[in-house]
Each structure stands twice: as C-alpha cells, then as structure tokens.
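Structure below is structure_29.pdb: PDB, C-alpha atoms.
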ATOM      1  CA  MET A   1     155.401  91.243 110.840
ATOM      2  CA  ALA A   2     152.963  94.042 110.328
ATOM      3  CA  LYS A   3     150.767  91.753 108.258
ATOM      4  CA  LYS A   4     150.506  89.215 111.030
ATOM      5  CA  THR A   5     149.339  91.868 113.488
ATOM      6  CA  ARG A   6     146.538  92.928 111.201
ATOM      7  CA  LEU A   7     145.310  89.370 110.877
ATOM      8  CA  MET A   8     145.193  88.951 114.619
ATOM      9  CA  THR A   9     143.032  92.010 115.191
ATOM     10  CA  GLY A  10     140.144  90.361 113.316
ATOM     11  CA  GLU A  11     138.961  93.510 111.582
ATOM     12  CA  ALA A  12     138.264  91.722 108.312
ATOM     13  CA  ALA A  13     136.197  88.937 109.933
ATOM     14  CA  SER A  14     133.029  91.001 110.470
ATOM     15  CA  VAL A  15     129.879  90.186 108.443
ATOM     16  CA  PRO A  16     128.893  92.947 105.961
ATOM     17  CA  ILE A  17     125.858  93.877 107.996
ATOM     18  CA  SER A  18     124.791  97.032 106.196
ATOM     19  CA  SER A  19     124.445  95.314 102.815
ATOM     20  CA  MET A  20     122.575  92.480 104.504
ATOM     21  CA  ILE A  21     120.080  95.002 105.840
ATOM     22  CA  ASP A  22     119.606  96.317 102.337
ATOM     23  CA  ILE A  23     118.621  92.878 101.142
ATOM     24  CA  VAL A  24     116.293  92.287 104.071
ATOM     25  CA  PHE A  25     114.496  95.565 103.479
ATOM     26  CA  LEU A  26     114.138  94.684  99.820
ATOM     27  CA  LEU A  27     112.560  91.365 100.815
ATOM     28  CA  ILE A  28     110.147  93.130 103.157
ATOM     29  CA  ILE A  29     109.072  95.597 100.503
ATOM     30  CA  PHE A  30     108.611  92.777  98.023
ATOM     31  CA  PHE A  31     106.303  90.869 100.363
ATOM     32  CA  ILE A  32     104.299  93.963 101.292
ATOM     33  CA  VAL A  33     103.747  94.865  97.665
ATOM     34  CA  THR A  34     102.779  91.372  96.517
ATOM     35  CA  ALA A  35     100.437  90.907  99.493
ATOM     36  CA  THR A  36      98.482  94.053  98.673
ATOM     37  CA  LEU A  37      98.281  93.058  95.009
ATOM     38  CA  ASP A  38      96.687  89.747  95.962
ATOM     39  CA  LYS A  39      94.059  91.392  98.099
ATOM     40  CA  ASP A  40      92.914  93.690  95.316
ATOM     41  CA  MET A  41      90.928  90.883  93.755
ATOM     42  CA  GLN A  42      89.338  89.633  96.949
ATOM     43  CA  ASP A  43      86.663  91.509  98.794
ATOM     44  CA  GLU A  44      87.399  91.299 102.496
ATOM     45  CA  SER A  45      83.772  91.722 103.499
ATOM     46  CA  VAL A  46      82.748  88.480 101.808
ATOM     47  CA  LEU A  47      82.550  85.553 104.204
ATOM     48  CA  LEU A  48      82.625  82.418 102.085
ATOM     49  CA  ALA A  49      80.621  79.276 102.756
ATOM     50  CA  ASP A  50      82.307  76.195 104.176
ATOM     51  CA  ALA A  51      83.323  73.643 101.602
ATOM     52  CA  PRO A  52      85.600  71.092 103.306
ATOM     53  CA  ASN A  53      85.865  68.932 100.172
ATOM     54  CA  GLY A  54      86.638  71.606  97.642
ATOM     55  CA  ARG A  55      89.679  71.567  95.441
ATOM     56  CA  PRO A  56      92.514  73.744  96.736
ATOM     57  CA  VAL A  57      93.853  76.343  94.339
ATOM     58  CA  VAL A  58      97.247  75.056  93.297
ATOM     59  CA  LYS A  59      98.142  77.510  90.603
ATOM     60  CA  GLN A  60      95.788  80.228  89.612
ATOM     61  CA  ASP A  61      95.561  81.397  86.062
ATOM     62  CA  PRO A  62      96.615  85.060  85.990
ATOM     63  CA  ARG A  63      93.666  85.815  83.719
ATOM     64  CA  THR A  64      91.146  84.667  86.329
ATOM     65  CA  ILE A  65      88.155  86.970  86.721
ATOM     66  CA  THR A  66      87.059  87.087  90.344
ATOM     67  CA  ILE A  67      83.515  88.205  91.036
ATOM     68  CA  ASN A  68      82.760  89.038  94.665
ATOM     69  CA  LEU A  69      79.147  88.789  95.744
ATOM     70  CA  ARG A  70      78.464  90.532  99.023
ATOM     71  CA  MET A  71      75.883  89.744 101.632
ATOM     72  CA  ASP A  72      73.550  92.482 100.396
ATOM     73  CA  GLY A  73      73.707  91.215  96.821
ATOM     74  CA  SER A  74      76.089  93.857  95.458
ATOM     75  CA  MET A  75      78.942  92.760  93.216
ATOM     76  CA  THR A  76      82.524  93.889  93.000
ATOM     77  CA  VAL A  77      85.094  92.972  90.374
ATOM     78  CA  GLY A  78      88.675  94.027  91.001
ATOM     79  CA  GLY A  79      87.543  96.383  93.752
ATOM     80  CA  ARG A  80      84.924  98.132  91.621
ATOM     81  CA  ALA A  81      81.207  97.864  92.260
ATOM     82  CA  MET A  82      79.222  96.553  89.312
ATOM     83  CA  THR A  83      75.671  95.980  88.259
ATOM     84  CA  GLY A  84      74.564  92.904  86.371
ATOM     85  CA  ALA A  85      74.547  94.786  83.054
ATOM     86  CA  GLN A  86      78.043  96.168  83.677
ATOM     87  CA  LEU A  87      79.288  92.675  84.466
ATOM     88  CA  THR A  88      77.834  91.331  81.227
ATOM     89  CA  ALA A  89      79.475  94.209  79.324
ATOM     90  CA  LEU A  90      82.809  93.491  81.017
ATOM     91  CA  LEU A  91      82.650  89.788  80.183
ATOM     92  CA  GLU A  92      81.639  90.523  76.597
ATOM     93  CA  ASP A  93      84.627  92.831  76.364
ATOM     94  CA  VAL A  94      86.944  90.160  77.715
ATOM     95  CA  LYS A  95      85.499  87.632  75.314
ATOM     96  CA  ARG A  96      86.025  89.927  72.332
ATOM     97  CA  THR A  97      89.547  91.049  73.125
ATOM     98  CA  SER A  98      91.315  87.992  74.534
ATOM     99  CA  PRO A  99      92.768  85.381  72.202
ATOM    100  CA  ASP A 100      91.362  82.301  73.939
ATOM    101  CA  PRO A 101      88.319  83.526  75.853
ATOM    102  CA  LEU A 102      86.700  80.167  76.592
ATOM    103  CA  SER A 103      89.644  79.056  78.721
ATOM    104  CA  ILE A 104      89.442  82.057  81.043
ATOM    105  CA  PRO A 105      88.480  80.883  84.523
ATOM    106  CA  ILE A 106      85.800  82.781  86.397
ATOM    107  CA  VAL A 107      85.651  82.529  90.168
ATOM    108  CA  ILE A 108      82.533  83.531  92.057
ATOM    109  CA  ARG A 109      83.170  84.419  95.678
ATOM    110  CA  GLY A 110      79.700  84.480  97.127
ATOM    111  CA  ASP A 111      78.947  85.368 100.700
ATOM    112  CA  ARG A 112      77.394  82.524 102.670
ATOM    113  CA  GLN A 113      74.417  84.669 103.618
ATOM    114  CA  VAL A 114      73.565  86.061 100.223
ATOM    115  CA  GLN A 115      70.402  84.735  98.676
ATOM    116  CA  TYR A 116      70.783  82.532  95.653
ATOM    117  CA  TYR A 117      68.659  85.039  93.756
ATOM    118  CA  TYR A 118      71.750  87.251  93.418
ATOM    119  CA  GLY A 119      74.022  84.312  92.654
ATOM    120  CA  ALA A 120      71.685  83.295  89.862
ATOM    121  CA  LYS A 121      71.925  86.800  88.405
ATOM    122  CA  VAL A 122      75.716  86.483  88.239
ATOM    123  CA  LEU A 123      75.461  83.033  86.688
ATOM    124  CA  ASP A 124      72.968  84.360  84.155
ATOM    125  CA  ALA A 125      75.323  87.171  83.191
ATOM    126  CA  ILE A 126      78.120  84.653  82.662
ATOM    127  CA  LYS A 127      75.848  82.273  80.801
ATOM    128  CA  LYS A 128      74.839  85.020  78.365
ATOM    129  CA  THR A 129      78.447  85.532  77.280
ATOM    130  CA  GLY A 130      79.047  81.832  76.760
ATOM    131  CA  LEU A 131      82.018  81.563  79.093
ATOM    132  CA  TYR A 132      81.774  78.329  81.015
ATOM    133  CA  LYS A 133      84.889  77.758  83.117
ATOM    134  CA  VAL A 134      83.171  78.744  86.316
ATOM    135  CA  SER A 135      84.139  77.818  89.863
ATOM    136  CA  LEU A 136      82.511  78.741  93.117
ATOM    137  CA  ALA A 137      84.783  79.590  96.016
ATOM    138  CA  GLY A 138      84.436  78.101  99.474
ATOM    139  CA  LEU A 139      86.437  77.928 102.654
ATOM    140  CA  GLN A 140      88.362  74.979 103.992
ATOM    141  CA  GLU A 141      88.932  74.966 107.739
TER     142      GLU A 141
ATOM    143  CA  MET B   1     145.853 107.458 138.585
ATOM    144  CA  ALA B   2     144.565 110.755 137.348
ATOM    145  CA  ARG B   3     145.383 109.676 133.842
ATOM    146  CA  LYS B   4     143.325 106.511 134.142
ATOM    147  CA  GLU B   5     140.282 108.524 135.281
ATOM    148  CA  THR B   6     140.478 110.664 132.178
ATOM    149  CA  THR B   7     140.490 107.605 129.933
ATOM    150  CA  LYS B   8     137.326 106.255 131.544
ATOM    151  CA  LEU B   9     135.449 109.518 131.183
ATOM    152  CA  ASN B  10     136.358 109.927 127.536
ATOM    153  CA  PRO B  11     136.151 106.516 125.916
ATOM    154  CA  PRO B  12     137.189 106.199 122.292
ATOM    155  CA  PRO B  13     134.350 107.553 120.156
ATOM    156  CA  ASP B  14     132.170 104.651 118.934
ATOM    157  CA  ALA B  15     130.040 106.012 116.131
ATOM    158  CA  SER B  16     128.705 102.642 114.930
ATOM    159  CA  PHE B  17     124.952 102.023 114.872
ATOM    160  CA  PRO B  18     123.614  99.002 116.872
ATOM    161  CA  LEU B  19     123.213  97.042 113.674
ATOM    162  CA  SER B  20     122.911  93.525 115.041
ATOM    163  CA  SER B  21     119.907  94.328 117.205
ATOM    164  CA  MET B  22     118.361  96.204 114.293
ATOM    165  CA  ILE B  23     118.709  93.087 112.163
ATOM    166  CA  ASP B  24     116.894  91.126 114.844
ATOM    167  CA  VAL B  25     113.963  93.511 114.642
ATOM    168  CA  VAL B  26     113.956  93.488 110.873
ATOM    169  CA  PHE B  27     113.922  89.711 110.730
ATOM    170  CA  LEU B  28     111.055  89.683 113.189
ATOM    171  CA  LEU B  29     109.143  92.032 110.894
ATOM    172  CA  LEU B  30     109.938  89.840 107.913
ATOM    173  CA  ILE B  31     108.668  86.738 109.672
ATOM    174  CA  PHE B  32     105.559  88.624 110.798
ATOM    175  CA  PHE B  33     104.681  89.574 107.250
ATOM    176  CA  LEU B  34     105.393  86.083 105.945
ATOM    177  CA  VAL B  35     103.086  84.540 108.522
ATOM    178  CA  THR B  36     100.243  87.040 108.281
ATOM    179  CA  GLN B  37     100.224  86.925 104.512
ATOM    180  CA  LYS B  38      98.991  83.339 104.537
ATOM    181  CA  PRO B  39      95.277  83.174 105.381
ATOM    182  CA  VAL B  40      94.258  80.959 108.266
ATOM    183  CA  THR B  41      91.588  79.200 106.268
ATOM    184  CA  GLU B  42      92.328  78.158 102.767
ATOM    185  CA  GLU B  43      90.139  79.152  99.902
ATOM    186  CA  VAL B  44      89.017  76.247  97.755
ATOM    187  CA  MET B  45      87.219  75.986  94.457
ATOM    188  CA  ILE B  46      84.320  73.890  93.265
ATOM    189  CA  ASN B  47      84.028  73.679  89.520
ATOM    190  CA  VAL B  48      80.586  73.955  88.057
ATOM    191  CA  GLU B  49      79.239  74.112  84.592
ATOM    192  CA  LEU B  50      76.444  76.309  83.413
ATOM    193  CA  PRO B  51      73.678  74.787  81.362
ATOM    194  CA  ALA B  52      73.837  75.538  77.676
ATOM    195  CA  PRO B  53      70.874  77.582  76.489
ATOM    196  CA  ASP B  54      69.499  74.722  74.419
ATOM    197  CA  MET B  55      70.738  71.875  76.657
ATOM    198  CA  SER B  56      71.850  70.018  73.510
ATOM    199  CA  THR B  57      75.383  69.412  74.751
ATOM    200  CA  VAL B  58      74.245  67.440  77.754
ATOM    201  CA  ALA B  59      71.392  65.551  76.141
ATOM    202  CA  ALA B  60      73.426  62.367  75.849
ATOM    203  CA  ASP B  61      74.116  62.144  79.577
ATOM    204  CA  PRO B  62      71.666  60.925  82.155
ATOM    205  CA  LEU B  63      70.555  63.978  84.064
ATOM    206  CA  ILE B  64      69.920  63.848  87.755
ATOM    207  CA  PRO B  65      68.186  66.969  88.996
ATOM    208  CA  ILE B  66      68.540  68.028  92.593
ATOM    209  CA  THR B  67      66.325  70.812  93.788
ATOM    210  CA  ILE B  68      67.193  72.893  96.807
ATOM    211  CA  ASP B  69      64.205  74.442  98.389
ATOM    212  CA  VAL B  70      63.435  76.431 101.399
ATOM    213  CA  ASP B  71      60.452  75.218 103.363
ATOM    214  CA  LYS B  72      57.478  77.221 104.474
ATOM    215  CA  TYR B  73      58.754  77.740 108.011
ATOM    216  CA  SER B  74      62.004  79.282 106.787
ATOM    217  CA  ARG B  75      60.233  81.297 104.160
ATOM    218  CA  ASP B  76      57.889  82.796 106.734
ATOM    219  CA  ASN B  77      60.643  83.448 109.241
ATOM    220  CA  ILE B  78      63.395  84.522 106.912
ATOM    221  CA  ASP B  79      63.492  88.054 108.346
ATOM    222  CA  GLU B  80      63.840  86.766 111.881
ATOM    223  CA  ILE B  81      66.558  84.321 110.871
ATOM    224  CA  ASP B  82      68.357  87.096 109.027
ATOM    225  CA  ALA B  83      68.186  89.367 112.053
ATOM    226  CA  ARG B  84      69.642  86.680 114.297
ATOM    227  CA  LEU B  85      72.409  86.007 111.811
ATOM    228  CA  ALA B  86      73.207  89.705 111.573
ATOM    229  CA  ALA B  87      73.511  89.916 115.345
ATOM    230  CA  LEU B  88      76.214  87.257 115.399
ATOM    231  CA  SER B  89      79.810  88.250 115.839
ATOM    232  CA  ASP B  90      82.501  86.828 113.591
ATOM    233  CA  ARG B  91      83.439  84.148 116.073
ATOM    234  CA  ASP B  92      79.975  82.691 116.517
ATOM    235  CA  ASP B  93      79.012  79.705 114.485
ATOM    236  CA  PRO B  94      76.086  80.593 112.204
ATOM    237  CA  ASN B  95      75.047  76.947 112.152
ATOM    238  CA  GLU B  96      73.807  77.401 115.711
ATOM    239  CA  VAL B  97      71.161  79.756 114.410
ATOM    240  CA  LEU B  98      70.584  77.959 111.176
ATOM    241  CA  LYS B  99      69.702  74.645 112.723
ATOM    242  CA  ASP B 100      66.216  76.097 113.002
ATOM    243  CA  GLU B 101      66.203  76.884 109.353
ATOM    244  CA  ARG B 102      64.882  73.716 107.870
ATOM    245  CA  LEU B 103      65.787  73.230 104.302
ATOM    246  CA  TYR B 104      64.723  70.496 102.047
ATOM    247  CA  TYR B 105      66.332  68.922  99.091
ATOM    248  CA  SER B 106      64.438  67.191  96.404
ATOM    249  CA  PHE B 107      66.216  64.478  94.484
ATOM    250  CA  ASN B 108      65.126  63.550  90.995
ATOM    251  CA  GLY B 109      61.611  64.768  91.554
ATOM    252  CA  SER B 110      61.162  63.011  94.876
ATOM    253  CA  ALA B 111      59.460  64.427  97.930
ATOM    254  CA  PRO B 112      61.597  66.897  99.896
ATOM    255  CA  MET B 113      64.227  65.278 102.084
ATOM    256  CA  GLU B 114      66.861  66.210 104.635
ATOM    257  CA  VAL B 115      70.493  66.545 103.673
ATOM    258  CA  SER B 116      71.440  63.219 105.304
ATOM    259  CA  ARG B 117      68.958  61.397 103.071
ATOM    260  CA  LEU B 118      70.186  63.335 100.045
ATOM    261  CA  ARG B 119      73.681  62.187 100.892
ATOM    262  CA  GLU B 120      72.601  58.540 100.854
ATOM    263  CA  ARG B 121      70.889  58.944  97.526
ATOM    264  CA  LEU B 122      73.891  60.727  96.025
ATOM    265  CA  ALA B 123      76.207  58.025  97.362
ATOM    266  CA  ALA B 124      74.127  55.445  95.495
ATOM    267  CA  VAL B 125      74.440  57.514  92.329
ATOM    268  CA  ALA B 126      78.187  57.848  92.798
ATOM    269  CA  ALA B 127      78.542  54.102  93.319
ATOM    270  CA  ALA B 128      76.631  53.376  90.121
ATOM    271  CA  ASP B 129      78.322  55.914  87.874
ATOM    272  CA  ALA B 130      80.654  58.586  89.161
ATOM    273  CA  ASN B 131      80.459  60.439  85.866
ATOM    274  CA  SER B 132      76.765  61.103  85.776
ATOM    275  CA  THR B 133      75.731  64.682  85.223
ATOM    276  CA  ILE B 134      73.935  66.367  88.057
ATOM    277  CA  ILE B 135      71.723  69.377  87.660
ATOM    278  CA  ILE B 136      71.253  71.488  90.750
ATOM    279  CA  LYS B 137      68.247  73.722  90.684
ATOM    280  CA  CYS B 138      68.189  76.206  93.458
ATOM    281  CA  ASP B 139      65.337  78.245  94.852
ATOM    282  CA  PRO B 140      66.187  81.967  94.659
ATOM    283  CA  ASN B 141      65.176  82.360  98.302
ATOM    284  CA  VAL B 142      67.780  79.887  99.484
ATOM    285  CA  LYS B 143      71.019  81.145 100.967
ATOM    286  CA  TYR B 144      74.047  80.651  98.755
ATOM    287  CA  ARG B 145      75.593  78.486 101.470
ATOM    288  CA  LYS B 146      73.084  75.716 100.740
ATOM    289  CA  LEU B 147      74.134  75.517  97.122
ATOM    290  CA  ILE B 148      77.779  75.255  98.158
ATOM    291  CA  ARG B 149      76.800  72.523 100.587
ATOM    292  CA  VAL B 150      75.249  70.368  97.905
ATOM    293  CA  LEU B 151      78.182  70.972  95.559
ATOM    294  CA  ASP B 152      80.532  70.078  98.384
ATOM    295  CA  LEU B 153      78.556  66.912  99.013
ATOM    296  CA  CYS B 154      79.014  65.972  95.359
ATOM    297  CA  SER B 155      82.772  66.411  95.518
ATOM    298  CA  GLU B 156      82.947  64.579  98.857
ATOM    299  CA  LEU B 157      81.230  61.561  97.304
ATOM    300  CA  GLY B 158      83.652  61.629  94.404
ATOM    301  CA  LEU B 159      81.122  62.644  91.802
ATOM    302  CA  ASN B 160      83.607  64.003  89.322
ATOM    303  CA  SER B 161      80.855  64.759  86.937
ATOM    304  CA  ARG B 162      79.737  68.045  85.597
ATOM    305  CA  GLN B 163      77.481  69.824  87.946
ATOM    306  CA  LEU B 164      75.126  72.213  86.327
ATOM    307  CA  VAL B 165      73.644  75.000  88.307
ATOM    308  CA  ASP B 166      70.350  76.487  87.382
ATOM    309  CA  LYS B 167      67.624  78.306  89.151
ATOM    310  CA  VAL B 168      64.140  77.071  89.624
ATOM    311  CA  LYS B 169      60.932  78.887  90.285
ATOM    312  CA  PRO B 170      60.122  78.757  93.966
ATOM    313  CA  PHE B 171      57.436  76.362  94.988
ATOM    314  CA  ILE B 172      55.926  75.470  98.334
ATOM    315  CA  PRO B 173      56.985  71.910  99.143
ATOM    316  CA  ASP B 174      54.980  69.322 101.006
ATOM    317  CA  PRO B 175      54.328  69.956 104.695
ATOM    318  CA  PRO B 176      57.701  69.512 106.408
ATOM    319  CA  PRO B 177      58.259  66.517 108.671
ATOM    320  CA  ARG B 178      58.381  67.095 112.377
ATOM    321  CA  ARG B 179      61.467  68.542 113.981
ATOM    322  CA  GLY B 180      63.837  66.023 115.489
ATOM    323  CA  GLN B 181      63.682  63.762 112.482
ATOM    324  CA  ARG B 182      67.087  65.023 111.449
TER     325      ARG B 182
END
Starting from the coordinates I provided, produce the structure as structure tokens.
Amino acid sequence: MAKKTRLMTGEAASVPISSMIDIVFLLIIFFIVTATLDKDMQDESVLLADAPNGRPVVKQDPRTITINLRMDGSMTVGGRAMTGAQLTALLEDVKRTSPDPLSIPIVIRGDRQVQYYYGAKVLDAIKKTGLYKVSLAGLQE
Amino acid sequence: MARKETTKLNPPPDASFPLSSMIDVVFLLLIFFLVTQKPVTEEVMINVELPAPDMSTVAADPLIPITIDVDKYSRDNIDEIDARLAALSDRDDPNEVLKDERLYYSFNGSAPMEVSRLRERLAAVAAADANSTIIIKCDPNVKYRKLIRVLDLCSELGLNSRQLVDKVKPFIPDPPPRRGQR
C-alpha cells in the first residue's frame, strides 16, 4: 500500500537536471577551447581575395604551416611576426626534423591588397627549402 | 480561517534553483557558440607549384606563360588607388574602386589583354589539353588579388594542371586600350 502511494507522487519521474547541466557546460567549454585553438593559426587582420572556384578544405593536415601575409607586407606564422630570413630558418628546421617533410602542406593566406612583391618573397623562401606542397588561400562567398 | 492565512504566508520552503530556465539559457549559449564558430565565408585553397630552380622537372610539359602586369595608369596612380582602398569600410566592395585600376594580362607572349580575353584564351587551352602546365609570372607591383584571380580562372576552366608561380621583372606594357573596351 505504501509502495503504491510513492509511485503516484511521481517523485522518481523527474529528469536528472543537475547532471545534464554538467554535460552542457562541458560541451560549451569544449567548443570555446577548440574555437580559440583554430584561430591561433589564422590572422584576423588578413582579408583574403575572392576565389569562387577554389577547392574547399575538407580535411586539413594537422602539420599544415600557415603563413599569414598582411596588407603591409608583414608575415605572421602561428601568431608570431617573422621576417623572410626567419621564415626560411623555420622551414629549414621543419624540413630537417620531420620524417616526411615534402608532404607537409604550406598555406599562404595573403591579404588581397598586399603587393605581389611580398608574396614573391614568401614563395622564394619556400622555394629555397625545396618544399613544394603550397596552396594559396582565398574566400568563397 | 486564521489557520489558513498562516499557511499562505509561510509556504513550504522551496529551496530548489530554477534549473529548467537555466538550461534554456545554457542551450542558447551553446547554440550561439556553435553558430558563431563557423565563418560566414568559407576559406578555400588553390594548389600551386613552385618552379624548380633548374626547371628540369617541367621541361617535358608544354609551358604556357601568363604574365600579369599593371599598366602605366595604375602604376602612376597606385598611391591614390591605395588611399581610396584604405578609406573603404569593411562592407564596401573594393571592386568599385578597382574598376579604375586597369590591369593587363599577357598570354604566351602576346600583347596585353583584358581578363575577359584571357579567359577565352585559357578556355581554348583547357579544351585542347586540360593537363597543360601553366606558368604565371606576376609583376611585383600587382596586388596579390590579381594573382588569385588568374589562379581562380584556371580552376574555373577545369585546368587541373600544375600552375607555377614565378615573379617577373616589371616592364611597361604597350599603351593601354581606351576605357570602355572592357
């Protein structure tokens, strides 16, 4: 008799809300952290050129080296400013230390307004090291 | 009667937090972050190949050089064009300013031509052999955008070939055709 009364009160039917909140907060923190990690490689001040027929990035190699080329011709790699000589040194380092250096993709994110003079300097630095898997980034509307 | 009043004034203590409304807010936050994380415009890639120092690896392929050059008008007015571009806000379309900037493309050593003509010539190349190697030589004075435009043109026409990017010494092209020929 007592058992029946307890069933009717419906106490046990409530959703475990507090544990659900735990999971939701975990999800939020996960997304915040991964979003900021992504942005580390990309310089926000670079406005890419339009390339409506480019190939969308399906799955990016985690080893990708992203070189940002700003409007004023300055370069950043992974959030650090670099000169042409420093970039060459970095690429040489990568080439020496990684097991399969020629398959490492290099992405150049050049601002649409930057003069090709600066782009050519980046390409020259890459060319010197012998790495050749180069792509140029553009924007698709 | 008096007893009922007392009950109303002192309801049973309800210490529970308003959890369901809190979950609503949290889900809203979650959806906000999911949506804002995805950029509005998608970043795409155009693969290029850099010329080998001795060019021996590409010697077997027919090479089709395209030269991108800035004409004398743009070269003389590059500061003015830059200033107008710098004055634009993010929402303005830079092409509105740049339509004055006349740029010429030279195809396989031909006289400078507009991008629409270049497109026709490239389409003919693509129809003949989609695997032909194309060398793009770019004037250092040219904006990076122009290089991307030619590369984009190549991928639009289905030229799945290797595109080599190189720089060329600037030269003054032939006198540009009159405006309105575009």
Once the PyMOL selection byres ((chain A) within 6 of (chain B)) has been applied to the shown file, what residues remain in the selection, as a ChimeraX atom specification? /A:28,49,51,53-57,112-117,134-141
Can those selected residues be exported to a file as an mmCIF file, keeping the file's coordinate frame so that it contains C-alpha atoms?
data_model
loop_
_atom_site.group_PDB
_atom_site.id
_atom_site.type_symbol
_atom_site.label_atom_id
_atom_site.label_comp_id
_atom_site.auth_asym_id
_atom_site.auth_seq_id
_atom_site.Cartn_x
_atom_site.Cartn_y
_atom_site.Cartn_z
ATOM 1 C CA ILE A 28 110.147 93.130 103.157
ATOM 2 C CA ALA A 49 80.621 79.276 102.756
ATOM 3 C CA ALA A 51 83.323 73.643 101.602
ATOM 4 C CA ASN A 53 85.865 68.932 100.172
ATOM 5 C CA GLY A 54 86.638 71.606 97.642
ATOM 6 C CA ARG A 55 89.679 71.567 95.441
ATOM 7 C CA PRO A 56 92.514 73.744 96.736
ATOM 8 C CA VAL A 57 93.853 76.343 94.339
ATOM 9 C CA ARG A 112 77.394 82.524 102.670
ATOM 10 C CA GLN A 113 74.417 84.669 103.618
ATOM 11 C CA VAL A 114 73.565 86.061 100.223
ATOM 12 C CA GLN A 115 70.402 84.735 98.676
ATOM 13 C CA TYR A 116 70.783 82.532 95.653
ATOM 14 C CA TYR A 117 68.659 85.039 93.756
ATOM 15 C CA VAL A 134 83.171 78.744 86.316
ATOM 16 C CA SER A 135 84.139 77.818 89.863
ATOM 17 C CA LEU A 136 82.511 78.741 93.117
ATOM 18 C CA ALA A 137 84.783 79.590 96.016
ATOM 19 C CA GLY A 138 84.436 78.101 99.474
ATOM 20 C CA LEU A 139 86.437 77.928 102.654
ATOM 21 C CA GLN A 140 88.362 74.979 103.992
ATOM 22 C CA GLU A 141 88.932 74.966 107.739
#
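For the pair CA of Thr76 in chain A and CA of Leu47 in chain A, the separation is 14.0 Å.
Residues captured in this structure file are Phe107, Val115, Ser116, Arg117, Leu118, Arg119, Ala124, Val125, Ala126, Ala127, Ala128, Leu153, Cys154, Leu157, Gly158 and Leu159 of chain B, according to the PyMOL selection byres ((chain B and resi 120-123) around 9).
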Selection under test: the PyMOL selection byres ((chain A and resi 78) around 9); residues as a VMD selection string: chain A and resid 40 to 43 65 to 68 76 to 77 79 to 81
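Distance-wise, CA of Ile104 in chain A and CA of Ser132 in chain B end up 24.9 Å apart.
Taking CA of Pro101 in chain A and CA of Ile126 in chain A as the two end points, the separation is 12.3 Å.
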